[in-house]
$ cat work.pdb   # PDB, C-alpha atoms
MODEL        1
ATOM      1  CA  MET A   9       0.000   0.000   0.000  1.00  0.00           C
ATOM      2  CA  CYS A  10       1.376   3.428  -0.936  1.00  0.00           C
ATOM      3  CA  HIS A  11       1.877   6.210   1.620  1.00  0.00           C
ATOM      4  CA  HIS A  12      -1.273   7.997   0.372  1.00  0.00           C
ATOM      5  CA  GLY A  13      -3.377   4.852   0.818  1.00  0.00           C
ATOM      6  CA  ARG A  14      -2.055   4.206   4.335  1.00  0.00           C
ATOM      7  CA  GLU A  15      -2.754   7.793   5.321  1.00  0.00           C
ATOM      8  CA  ILE A  16      -6.381   7.591   4.165  1.00  0.00           C
ATOM      9  CA  LEU A  17      -6.889   4.224   5.872  1.00  0.00           C
ATOM     10  CA  ASN A  18      -5.511   5.656   9.124  1.00  0.00           C
ATOM     11  CA  MET A  19      -7.930   8.572   8.848  1.00  0.00           C
ATOM     12  CA  VAL A  20     -10.868   6.219   8.260  1.00  0.00           C
ATOM     13  CA  GLN A  21      -9.876   4.194  11.317  1.00  0.00           C
ATOM     14  CA  VAL A  22      -9.770   7.342  13.435  1.00  0.00           C
ATOM     15  CA  PHE A  23     -13.170   8.456  12.122  1.00  0.00           C
ATOM     16  CA  CYS A  24     -14.563   5.004  13.026  1.00  0.00           C
ATOM     17  CA  ASP A  25     -13.071   4.974  16.541  1.00  0.00           C
ATOM     18  CA  ASN A  26     -10.785   2.139  15.366  1.00  0.00           C
ATOM     19  CA  SER A  27     -13.824  -0.081  14.763  1.00  0.00           C
ATOM     20  CA  ILE A  28     -14.548   0.029  11.038  1.00  0.00           C
ATOM     21  CA  TYR A  29     -16.851  -2.993  11.337  1.00  0.00           C
ATOM     22  CA  SER A  30     -19.305  -1.104  13.576  1.00  0.00           C
ATOM     23  CA  TYR A  31     -19.621   1.587  10.890  1.00  0.00           C
ATOM     24  CA  GLN A  32     -20.119  -0.896   8.049  1.00  0.00           C
ATOM     25  CA  SER A  33     -23.710   0.060   7.243  1.00  0.00           C
ATOM     26  CA  GLN A  34     -22.767   3.736   6.978  1.00  0.00           C
ATOM     27  CA  ILE A  35     -19.692   2.961   4.894  1.00  0.00           C
ATOM     28  CA  CYS A  36     -21.875   0.958   2.482  1.00  0.00           C
ATOM     29  CA  ASN A  37     -23.927   4.132   2.013  1.00  0.00           C
ATOM     30  CA  GLY A  38     -20.776   6.105   1.259  1.00  0.00           C
ATOM     31  CA  PHE A  39     -20.307   8.114   4.434  1.00  0.00           C
ATOM     32  CA  ILE A  40     -19.344   8.127   8.119  1.00  0.00           C
ATOM     33  CA  THR A  41     -21.161  10.343  10.647  1.00  0.00           C
ATOM     34  CA  LEU A  42     -18.937  12.074  13.198  1.00  0.00           C
ATOM     35  CA  PRO A  43     -19.768  13.679  16.577  1.00  0.00           C
ATOM     36  CA  GLY A  44     -21.481  17.016  15.991  1.00  0.00           C
ATOM     37  CA  GLY A  45     -23.238  15.797  12.873  1.00  0.00           C
ATOM     38  CA  HIS A  46     -20.250  16.239  10.568  1.00  0.00           C
ATOM     39  CA  ARG A  47     -19.939  13.691   7.788  1.00  0.00           C
ATOM     40  CA  VAL A  48     -17.125  12.125   5.813  1.00  0.00           C
ATOM     41  CA  GLY A  49     -17.903  10.932   2.293  1.00  0.00           C
ATOM     42  CA  LEU A  50     -15.859   8.034   0.905  1.00  0.00           C
ATOM     43  CA  THR A  51     -15.013   6.759  -2.541  1.00  0.00           C
ATOM     44  CA  GLY A  52     -13.085   3.645  -3.520  1.00  0.00           C
ATOM     45  CA  SER A  53     -13.594   0.154  -4.868  1.00  0.00           C
ATOM     46  CA  ILE A  54     -17.230  -0.897  -4.436  1.00  0.00           C
ATOM     47  CA  ALA A  55     -17.928  -4.512  -3.433  1.00  0.00           C
ATOM     48  CA  MET A  56     -21.366  -5.682  -4.606  1.00  0.00           C
ATOM     49  CA  LYS A  57     -23.510  -8.736  -3.865  1.00  0.00           C
ATOM     50  CA  ASP A  58     -27.017  -9.405  -5.227  1.00  0.00           C
ATOM     51  CA  GLY A  59     -27.236  -5.821  -6.432  1.00  0.00           C
ATOM     52  CA  GLN A  60     -26.393  -4.364  -3.006  1.00  0.00           C
ATOM     53  CA  ILE A  61     -23.233  -2.605  -1.806  1.00  0.00           C
ATOM     54  CA  ILE A  62     -21.620  -4.727   0.901  1.00  0.00           C
ATOM     55  CA  ASN A  63     -18.398  -2.757   1.351  1.00  0.00           C
ATOM     56  CA  ILE A  64     -16.158   0.017   0.072  1.00  0.00           C
ATOM     57  CA  THR A  65     -12.585  -1.224  -0.077  1.00  0.00           C
ATOM     58  CA  TYR A  66      -9.346   0.577  -0.932  1.00  0.00           C
ATOM     59  CA  VAL A  67     -10.795   3.954   0.019  1.00  0.00           C
ATOM     60  CA  SER A  68      -9.207   6.495  -2.331  1.00  0.00           C
ATOM     61  CA  SER A  69     -10.826   9.825  -1.417  1.00  0.00           C
ATOM     62  CA  LEU A  70     -12.476  11.491   1.559  1.00  0.00           C
ATOM     63  CA  ASN A  71     -14.814  14.496   1.560  1.00  0.00           C
ATOM     64  CA  ILE A  72     -15.277  16.085   4.986  1.00  0.00           C
ATOM     65  CA  ARG A  73     -18.584  17.939   5.206  1.00  0.00           C
ATOM     66  CA  ILE A  74     -18.959  20.330   8.141  1.00  0.00           C
ATOM     67  CA  ALA A  75     -22.505  20.300   9.531  1.00  0.00           C
ATOM     68  CA  LYS A  76     -24.262  23.620   9.940  1.00  0.00           C
ATOM     69  CA  GLU A  77     -27.339  23.645  12.129  1.00  0.00           C
ATOM     70  CA  ILE A  78     -29.255  26.926  11.924  1.00  0.00           C
ATOM     71  CA  ILE A  79     -31.698  27.349  14.793  1.00  0.00           C
ATOM     72  CA  GLY A  80     -34.649  29.459  13.667  1.00  0.00           C
ATOM     73  CA  ALA A  81     -34.257  28.721   9.943  1.00  0.00           C
ATOM     74  CA  SER A  82     -37.907  27.633   9.685  1.00  0.00           C
ATOM     75  CA  GLU A  83     -39.519  30.559  11.501  1.00  0.00           C
ATOM     76  CA  LYS A  84     -40.823  32.188   8.307  1.00  0.00           C
ATOM     77  CA  ILE A  85     -42.625  29.107   7.004  1.00  0.00           C
ATOM     78  CA  LEU A  86     -43.743  27.670  10.349  1.00  0.00           C
ATOM     79  CA  PRO A  87     -47.100  29.572  10.194  1.00  0.00           C
ATOM     80  CA  GLN A  88     -47.762  27.794   6.877  1.00  0.00           C
ATOM     81  CA  ILE A  89     -47.165  24.386   8.474  1.00  0.00           C
ATOM     82  CA  ILE A  90     -49.152  24.914  11.695  1.00  0.00           C
ATOM     83  CA  GLU A  91     -52.570  26.478  11.133  1.00  0.00           C
ATOM     84  CA  ASP A  92     -55.397  26.533  13.696  1.00  0.00           C
ATOM     85  CA  GLY A  93     -53.468  24.075  15.835  1.00  0.00           C
ATOM     86  CA  GLN A  94     -53.211  21.521  13.022  1.00  0.00           C
ATOM     87  CA  VAL A  95     -50.152  20.323  11.111  1.00  0.00           C
ATOM     88  CA  ASN A  96     -50.480  20.643   7.346  1.00  0.00           C
ATOM     89  CA  SER A  97     -48.982  17.823   5.304  1.00  0.00           C
ATOM     90  CA  THR A  98     -46.300  19.666   3.364  1.00  0.00           C
ATOM     91  CA  LEU A  99     -43.789  19.136   0.569  1.00  0.00           C
ATOM     92  CA  ILE A 100     -40.768  21.466   0.542  1.00  0.00           C
ATOM     93  CA  VAL A 101     -39.128  21.670  -2.888  1.00  0.00           C
ATOM     94  CA  SER A 102     -35.890  23.244  -4.076  1.00  0.00           C
ATOM     95  CA  LYS A 103     -32.786  22.709  -6.119  1.00  0.00           C
ATOM     96  CA  PRO A 104     -29.799  21.190  -4.273  1.00  0.00           C
ATOM     97  CA  GLY A 105     -28.023  23.582  -1.933  1.00  0.00           C
ATOM     98  CA  CYS A 106     -30.966  25.883  -1.222  1.00  0.00           C
ATOM     99  CA  GLY A 107     -31.404  24.889   2.423  1.00  0.00           C
ATOM    100  CA  LYS A 108     -34.365  22.526   2.414  1.00  0.00           C
ATOM    101  CA  THR A 109     -32.673  20.011   4.737  1.00  0.00           C
ATOM    102  CA  THR A 110     -31.687  22.777   7.164  1.00  0.00           C
ATOM    103  CA  ILE A 111     -35.243  24.129   7.179  1.00  0.00           C
ATOM    104  CA  LEU A 112     -36.768  20.662   7.563  1.00  0.00           C
ATOM    105  CA  ARG A 113     -34.546  19.933  10.575  1.00  0.00           C
ATOM    106  CA  ASP A 114     -35.553  23.192  12.247  1.00  0.00           C
ATOM    107  CA  LEU A 115     -39.231  22.597  11.464  1.00  0.00           C
ATOM    108  CA  VAL A 116     -38.995  19.273  13.272  1.00  0.00           C
ATOM    109  CA  ARG A 117     -37.411  20.982  16.283  1.00  0.00           C
ATOM    110  CA  ASN A 118     -40.161  23.612  16.423  1.00  0.00           C
ATOM    111  CA  ILE A 119     -43.107  21.285  15.855  1.00  0.00           C
ATOM    112  CA  SER A 120     -41.790  18.669  18.271  1.00  0.00           C
ATOM    113  CA  ASN A 121     -41.283  21.245  21.019  1.00  0.00           C
ATOM    114  CA  MET A 122     -44.853  22.447  20.449  1.00  0.00           C
ATOM    115  CA  GLY A 123     -46.032  19.038  21.679  1.00  0.00           C
ATOM    116  CA  TYR A 124     -46.487  17.006  18.492  1.00  0.00           C
ATOM    117  CA  THR A 125     -45.053  13.485  18.367  1.00  0.00           C
ATOM    118  CA  ILE A 126     -42.793  13.119  15.327  1.00  0.00           C
ATOM    119  CA  SER A 127     -41.160  10.118  13.701  1.00  0.00           C
ATOM    120  CA  MET A 128     -38.107  11.180  11.703  1.00  0.00           C
ATOM    121  CA  ILE A 129     -36.750   8.815   9.059  1.00  0.00           C
ATOM    122  CA  ASP A 130     -33.128   9.890   8.756  1.00  0.00           C
ATOM    123  CA  GLU A 131     -31.883   7.569   6.018  1.00  0.00           C
ATOM    124  CA  ARG A 132     -28.498   9.237   5.512  1.00  0.00           C
ATOM    125  CA  GLY A 133     -28.037  10.741   8.959  1.00  0.00           C
ATOM    126  CA  GLU A 134     -28.267  14.330   7.713  1.00  0.00           C
ATOM    127  CA  LEU A 135     -31.164  15.461   9.895  1.00  0.00           C
ATOM    128  CA  ALA A 136     -30.520  14.273  13.447  1.00  0.00           C
ATOM    129  CA  ALA A 137     -26.905  13.185  12.817  1.00  0.00           C
ATOM    130  CA  MET A 138     -27.137  10.305  15.284  1.00  0.00           C
ATOM    131  CA  TYR A 139     -23.853   9.333  16.912  1.00  0.00           C
ATOM    132  CA  LYS A 140     -23.915   6.200  19.084  1.00  0.00           C
ATOM    133  CA  GLY A 141     -27.675   6.596  19.534  1.00  0.00           C
ATOM    134  CA  ILE A 142     -27.576  10.286  20.459  1.00  0.00           C
ATOM    135  CA  PRO A 143     -28.799  13.003  18.038  1.00  0.00           C
ATOM    136  CA  GLN A 144     -26.081  15.590  17.487  1.00  0.00           C
ATOM    137  CA  ASN A 145     -28.593  18.125  16.188  1.00  0.00           C
ATOM    138  CA  ASP A 146     -31.527  19.561  18.116  1.00  0.00           C
ATOM    139  CA  VAL A 147     -34.600  17.882  16.643  1.00  0.00           C
ATOM    140  CA  GLY A 148     -36.979  18.526  19.540  1.00  0.00           C
ATOM    141  CA  LEU A 149     -38.199  16.793  22.672  1.00  0.00           C
ATOM    142  CA  ARG A 150     -40.851  14.548  21.114  1.00  0.00           C
ATOM    143  CA  THR A 151     -38.987  13.264  18.058  1.00  0.00           C
ATOM    144  CA  ASP A 152     -38.345   9.550  17.545  1.00  0.00           C
ATOM    145  CA  ILE A 153     -35.521   8.867  15.105  1.00  0.00           C
ATOM    146  CA  LEU A 154     -34.947   5.924  12.791  1.00  0.00           C
ATOM    147  CA  ASP A 155     -31.627   6.278  10.996  1.00  0.00           C
ATOM    148  CA  ASN A 156     -29.671   4.155   8.522  1.00  0.00           C
ATOM    149  CA  VAL A 157     -32.909   2.704   7.161  1.00  0.00           C
ATOM    150  CA  THR A 158     -34.564   3.316   3.801  1.00  0.00           C
ATOM    151  CA  LYS A 159     -37.255   5.972   3.913  1.00  0.00           C
ATOM    152  CA  SER A 160     -39.940   3.625   2.635  1.00  0.00           C
ATOM    153  CA  LEU A 161     -39.263   0.918   5.221  1.00  0.00           C
ATOM    154  CA  GLY A 162     -38.650   3.403   8.024  1.00  0.00           C
ATOM    155  CA  MET A 163     -41.960   5.192   7.445  1.00  0.00           C
ATOM    156  CA  LYS A 164     -43.918   1.949   7.606  1.00  0.00           C
ATOM    157  CA  ILE A 165     -42.116   0.847  10.768  1.00  0.00           C
ATOM    158  CA  ALA A 166     -42.763   4.204  12.426  1.00  0.00           C
ATOM    159  CA  VAL A 167     -46.470   4.241  11.599  1.00  0.00           C
ATOM    160  CA  ARG A 168     -46.938   0.691  12.857  1.00  0.00           C
ATOM    161  CA  THR A 169     -44.913   0.974  16.052  1.00  0.00           C
ATOM    162  CA  MET A 170     -44.584   4.586  17.241  1.00  0.00           C
ATOM    163  CA  ALA A 171     -48.064   6.091  16.650  1.00  0.00           C
ATOM    164  CA  PRO A 172     -46.665   9.399  15.378  1.00  0.00           C
ATOM    165  CA  GLN A 173     -48.776  12.463  14.690  1.00  0.00           C
ATOM    166  CA  VAL A 174     -46.265  13.602  12.069  1.00  0.00           C
ATOM    167  CA  ILE A 175     -43.769  11.680   9.947  1.00  0.00           C
ATOM    168  CA  VAL A 176     -40.754  13.376   8.357  1.00  0.00           C
ATOM    169  CA  ALA A 177     -38.211  12.394   5.695  1.00  0.00           C
ATOM    170  CA  ASP A 178     -35.720  14.214   3.492  1.00  0.00           C
ATOM    171  CA  GLU A 179     -35.472  13.979  -0.300  1.00  0.00           C
ATOM    172  CA  ILE A 180     -38.265  11.618  -1.271  1.00  0.00           C
ATOM    173  CA  GLY A 181     -38.415  10.402  -4.842  1.00  0.00           C
ATOM    174  CA  SER A 182     -38.812   6.657  -5.300  1.00  0.00           C
ATOM    175  CA  GLU A 183     -41.936   4.623  -6.010  1.00  0.00           C
ATOM    176  CA  GLU A 184     -41.446   2.927  -2.627  1.00  0.00           C
ATOM    177  CA  ASP A 185     -41.332   6.326  -0.886  1.00  0.00           C
ATOM    178  CA  ILE A 186     -44.660   7.320  -2.457  1.00  0.00           C
ATOM    179  CA  GLU A 187     -46.273   4.041  -1.429  1.00  0.00           C
ATOM    180  CA  ALA A 188     -45.093   4.515   2.168  1.00  0.00           C
ATOM    181  CA  ILE A 189     -46.293   8.136   2.263  1.00  0.00           C
ATOM    182  CA  ASN A 190     -49.730   7.089   1.037  1.00  0.00           C
ATOM    183  CA  TYR A 191     -49.776   4.369   3.702  1.00  0.00           C
ATOM    184  CA  GLY A 192     -48.941   6.905   6.416  1.00  0.00           C
ATOM    185  CA  ILE A 193     -51.377   9.583   5.270  1.00  0.00           C
ATOM    186  CA  CYS A 194     -54.199   7.029   4.920  1.00  0.00           C
ATOM    187  CA  SER A 195     -53.414   5.952   8.490  1.00  0.00           C
ATOM    188  CA  GLY A 196     -54.145   9.482   9.687  1.00  0.00           C
ATOM    189  CA  VAL A 197     -50.541  10.650  10.018  1.00  0.00           C
ATOM    190  CA  LYS A 198     -49.458  14.069   8.737  1.00  0.00           C
ATOM    191  CA  GLY A 199     -46.293  14.220   6.659  1.00  0.00           C
ATOM    192  CA  ILE A 200     -43.558  16.774   6.001  1.00  0.00           C
ATOM    193  CA  PHE A 201     -41.075  15.916   3.258  1.00  0.00           C
ATOM    194  CA  THR A 202     -38.571  17.494   0.901  1.00  0.00           C
ATOM    195  CA  ALA A 203     -37.858  16.846  -2.774  1.00  0.00           C
ATOM    196  CA  HIS A 204     -35.664  18.174  -5.577  1.00  0.00           C
ATOM    197  CA  GLY A 205     -37.214  20.578  -8.059  1.00  0.00           C
ATOM    198  CA  SER A 206     -37.554  24.249  -8.917  1.00  0.00           C
ATOM    199  CA  THR A 207     -41.084  24.812 -10.297  1.00  0.00           C
ATOM    200  CA  ILE A 208     -44.535  23.238 -10.108  1.00  0.00           C
ATOM    201  CA  ASP A 209     -44.197  22.229 -13.768  1.00  0.00           C
ATOM    202  CA  GLU A 210     -40.912  20.472 -13.056  1.00  0.00           C
ATOM    203  CA  LEU A 211     -42.550  18.694 -10.126  1.00  0.00           C
ATOM    204  CA  ASN A 212     -45.327  17.475 -12.383  1.00  0.00           C
ATOM    205  CA  LEU A 213     -42.850  16.175 -14.960  1.00  0.00           C
ATOM    206  CA  ASN A 214     -41.455  13.838 -12.305  1.00  0.00           C
ATOM    207  CA  LYS A 215     -43.636  10.768 -12.819  1.00  0.00           C
ATOM    208  CA  VAL A 216     -43.141   9.648  -9.211  1.00  0.00           C
ATOM    209  CA  LEU A 217     -43.780  12.951  -7.419  1.00  0.00           C
ATOM    210  CA  ASN A 218     -46.614  13.746  -9.815  1.00  0.00           C
ATOM    211  CA  LYS A 219     -48.621  10.958  -8.168  1.00  0.00           C
ATOM    212  CA  LEU A 220     -48.575  12.823  -4.853  1.00  0.00           C
ATOM    213  CA  TYR A 221     -49.581  16.026  -6.607  1.00  0.00           C
ATOM    214  CA  GLU A 222     -52.439  14.420  -8.513  1.00  0.00           C
ATOM    215  CA  GLU A 223     -53.749  12.670  -5.415  1.00  0.00           C
ATOM    216  CA  ARG A 224     -53.696  15.957  -3.451  1.00  0.00           C
ATOM    217  CA  ILE A 225     -51.687  14.415  -0.625  1.00  0.00           C
ATOM    218  CA  PHE A 226     -50.192  17.737   0.498  1.00  0.00           C
ATOM    219  CA  LYS A 227     -52.014  20.728   1.904  1.00  0.00           C
ATOM    220  CA  LYS A 228     -48.970  22.902   1.174  1.00  0.00           C
ATOM    221  CA  ILE A 229     -46.248  22.768  -1.477  1.00  0.00           C
ATOM    222  CA  ILE A 230     -43.482  25.252  -0.697  1.00  0.00           C
ATOM    223  CA  PHE A 231     -40.759  26.155  -3.194  1.00  0.00           C
ATOM    224  CA  LEU A 232     -37.485  27.578  -1.911  1.00  0.00           C
ATOM    225  CA  GLU A 233     -34.823  29.601  -3.655  1.00  0.00           C
ATOM    226  CA  LYS A 234     -31.296  30.428  -2.529  1.00  0.00           C
ATOM    227  CA  LYS A 235     -30.463  30.442   1.201  1.00  0.00           C
ATOM    228  CA  GLY A 236     -33.815  29.026   2.224  1.00  0.00           C
ATOM    229  CA  MET A 237     -35.895  31.984   1.026  1.00  0.00           C
ATOM    230  CA  VAL A 238     -39.474  31.150   0.045  1.00  0.00           C
ATOM    231  CA  GLN A 239     -40.110  31.498  -3.673  1.00  0.00           C
ATOM    232  CA  LYS A 240     -43.746  30.384  -3.891  1.00  0.00           C
ATOM    233  CA  ILE A 241     -46.340  28.601  -1.756  1.00  0.00           C
ATOM    234  CA  TYR A 242     -49.189  26.513  -3.155  1.00  0.00           C
ATOM    235  CA  THR A 243     -52.149  25.774  -0.857  1.00  0.00           C
ATOM    236  CA  LEU A 244     -54.767  23.091  -1.483  1.00  0.00           C
ATOM    237  CA  ASP A 245     -58.225  24.678  -1.454  1.00  0.00           C
ATOM    238  CA  LYS A 246     -61.355  22.918  -2.721  1.00  0.00           C
ATOM    239  CA  ASN A 247     -59.205  20.331  -4.478  1.00  0.00           C
ATOM    240  CA  MET A 248     -57.175  23.000  -6.303  1.00  0.00           C
ATOM    241  CA  TYR A 249     -53.668  24.267  -5.592  1.00  0.00           C
ATOM    242  CA  LYS A 250     -53.701  28.042  -5.320  1.00  0.00           C
ATOM    243  CA  THR A 251     -51.181  30.834  -4.861  1.00  0.00           C
ATOM    244  CA  GLY A 252     -51.781  34.548  -4.775  1.00  0.00           C
ATOM    245  CA  ASP A 253     -51.513  34.768  -8.545  1.00  0.00           C
ATOM    246  CA  GLU A 254     -52.658  31.453  -9.992  1.00  0.00           C
ATOM    247  CA  ASN A 255     -54.939  28.444  -9.479  1.00  0.00           C
ATOM    248  CA  LEU A 256     -53.958  24.994 -10.645  1.00  0.00           C
ATOM    249  CA  ALA A 257     -56.552  22.309 -11.275  1.00  0.00           C
TER     250      ALA A 257
ENDMDL
END
$ encode --input "work.pdb" --output "structure tokens"
Amino acid sequence: MCHHGREILNMVQVFCDNSIYSYQSQICNGFITLPGGHRVGLTGSIAMKDGQIINITYVSSLNIRIAKEIIGASEKILPQIIEDGQVNSTLIVSKPGCGKTTILRDLVRNISNMGYTISMIDERGELAAMYKGIPQNDVGLRTDILDNVTKSLGMKIAVRTMAPQVIVADEIGSEEDIEAINYGICSGVKGIFTAHGSTIDELNLNKVLNKLYEERIFKKIIFLEKKGMVQKIYTLDKNMYKTGDENLA
């Protein structure tokens, strides 16, 4: 092994508290979560079995991502989510890097501390940033966290076992996600989710997310622009999505 390879391996061992095996599930997803919610992305030789990643060997590159929790980031949209004491099922949409994950995390903190029981499905550890069973980010007093599990499976587990009032997940987009969301909503659970997109037309062109739009699953669809600023809000009213300047059938 060359000097560069040994140096990276030593860093990985330090990041894993000298127990790489205990971090295997995270490594298979391409990252390691550190105390404080920071994350280290990994690339290298991918070992596959039955279509699943079982290991990343000969790690060649590391990308250290410094977590940035912004308390209060959701204050401007919170009145759209909580109306008349009820949680509106909401989809938050933006292009990558516009702050939707940061806002979602802070929404969970606010809503949870208001007394609502939340189940958070933190598939990639970006929301709560669990470290040895302890959330490194403030996600509220009444938030139950399932991490390192697929969103679709995690949502079904949460609905069946934790009796949440609200279920939360970041970056939905698969057929399985949509099925699980429908299962939760039909069980009487409210949902708050994020997705990639920039306009309502772009959302509708996504054949998976379009199903949620057509079935009127969400009371609110909120589009963000740079730095978490609200671009446009669509509200479901009499089976139509409306903004201040347009109505969509």
$ atom_distance --input "work.pdb" --atom1 "CA of Arg117 in chain A" --atom2 "CA of Ile186 in chain A"
24.3 Å
$ atom_distance --input "work.pdb" --atom1 "CA of Met19 in chain A" --atom2 "CA of Ala137 in chain A"
19.9 Å
$ atom_distance --input "work.pdb" --atom1 "CA of Gln60 in chain A" --atom2 "CA of Gln34 in chain A"
13.4 Å
$ resolve_selection --input "work.pdb" --expression "the PyMOL selection byres ((chain A and resi 203) around 8)" --output "PDB file with C-alpha atoms, in the coordinates of the input"
ATOM      1  CA  LEU A  99     -43.789  19.136   0.569  1.00  0.00           C
ATOM      2  CA  ILE A 100     -40.768  21.466   0.542  1.00  0.00           C
ATOM      3  CA  VAL A 101     -39.128  21.670  -2.888  1.00  0.00           C
ATOM      4  CA  SER A 102     -35.890  23.244  -4.076  1.00  0.00           C
ATOM      5  CA  ASP A 178     -35.720  14.214   3.492  1.00  0.00           C
ATOM      6  CA  GLU A 179     -35.472  13.979  -0.300  1.00  0.00           C
ATOM      7  CA  ILE A 180     -38.265  11.618  -1.271  1.00  0.00           C
ATOM      8  CA  GLY A 181     -38.415  10.402  -4.842  1.00  0.00           C
ATOM      9  CA  PHE A 201     -41.075  15.916   3.258  1.00  0.00           C
ATOM     10  CA  THR A 202     -38.571  17.494   0.901  1.00  0.00           C
ATOM     11  CA  HIS A 204     -35.664  18.174  -5.577  1.00  0.00           C
ATOM     12  CA  GLY A 205     -37.214  20.578  -8.059  1.00  0.00           C
TER      13      GLY A 205
END
$ resolve_selection --input "work.pdb" --expression "the PyMOL selection byres ((chain A and resi 151) around 8)" --output "list in words"
Val116, Ser120, Thr125, Ile126, Ser127, Met128, Val147, Gly148, Leu149, Arg150, Asp152 and Ile153 of chain A
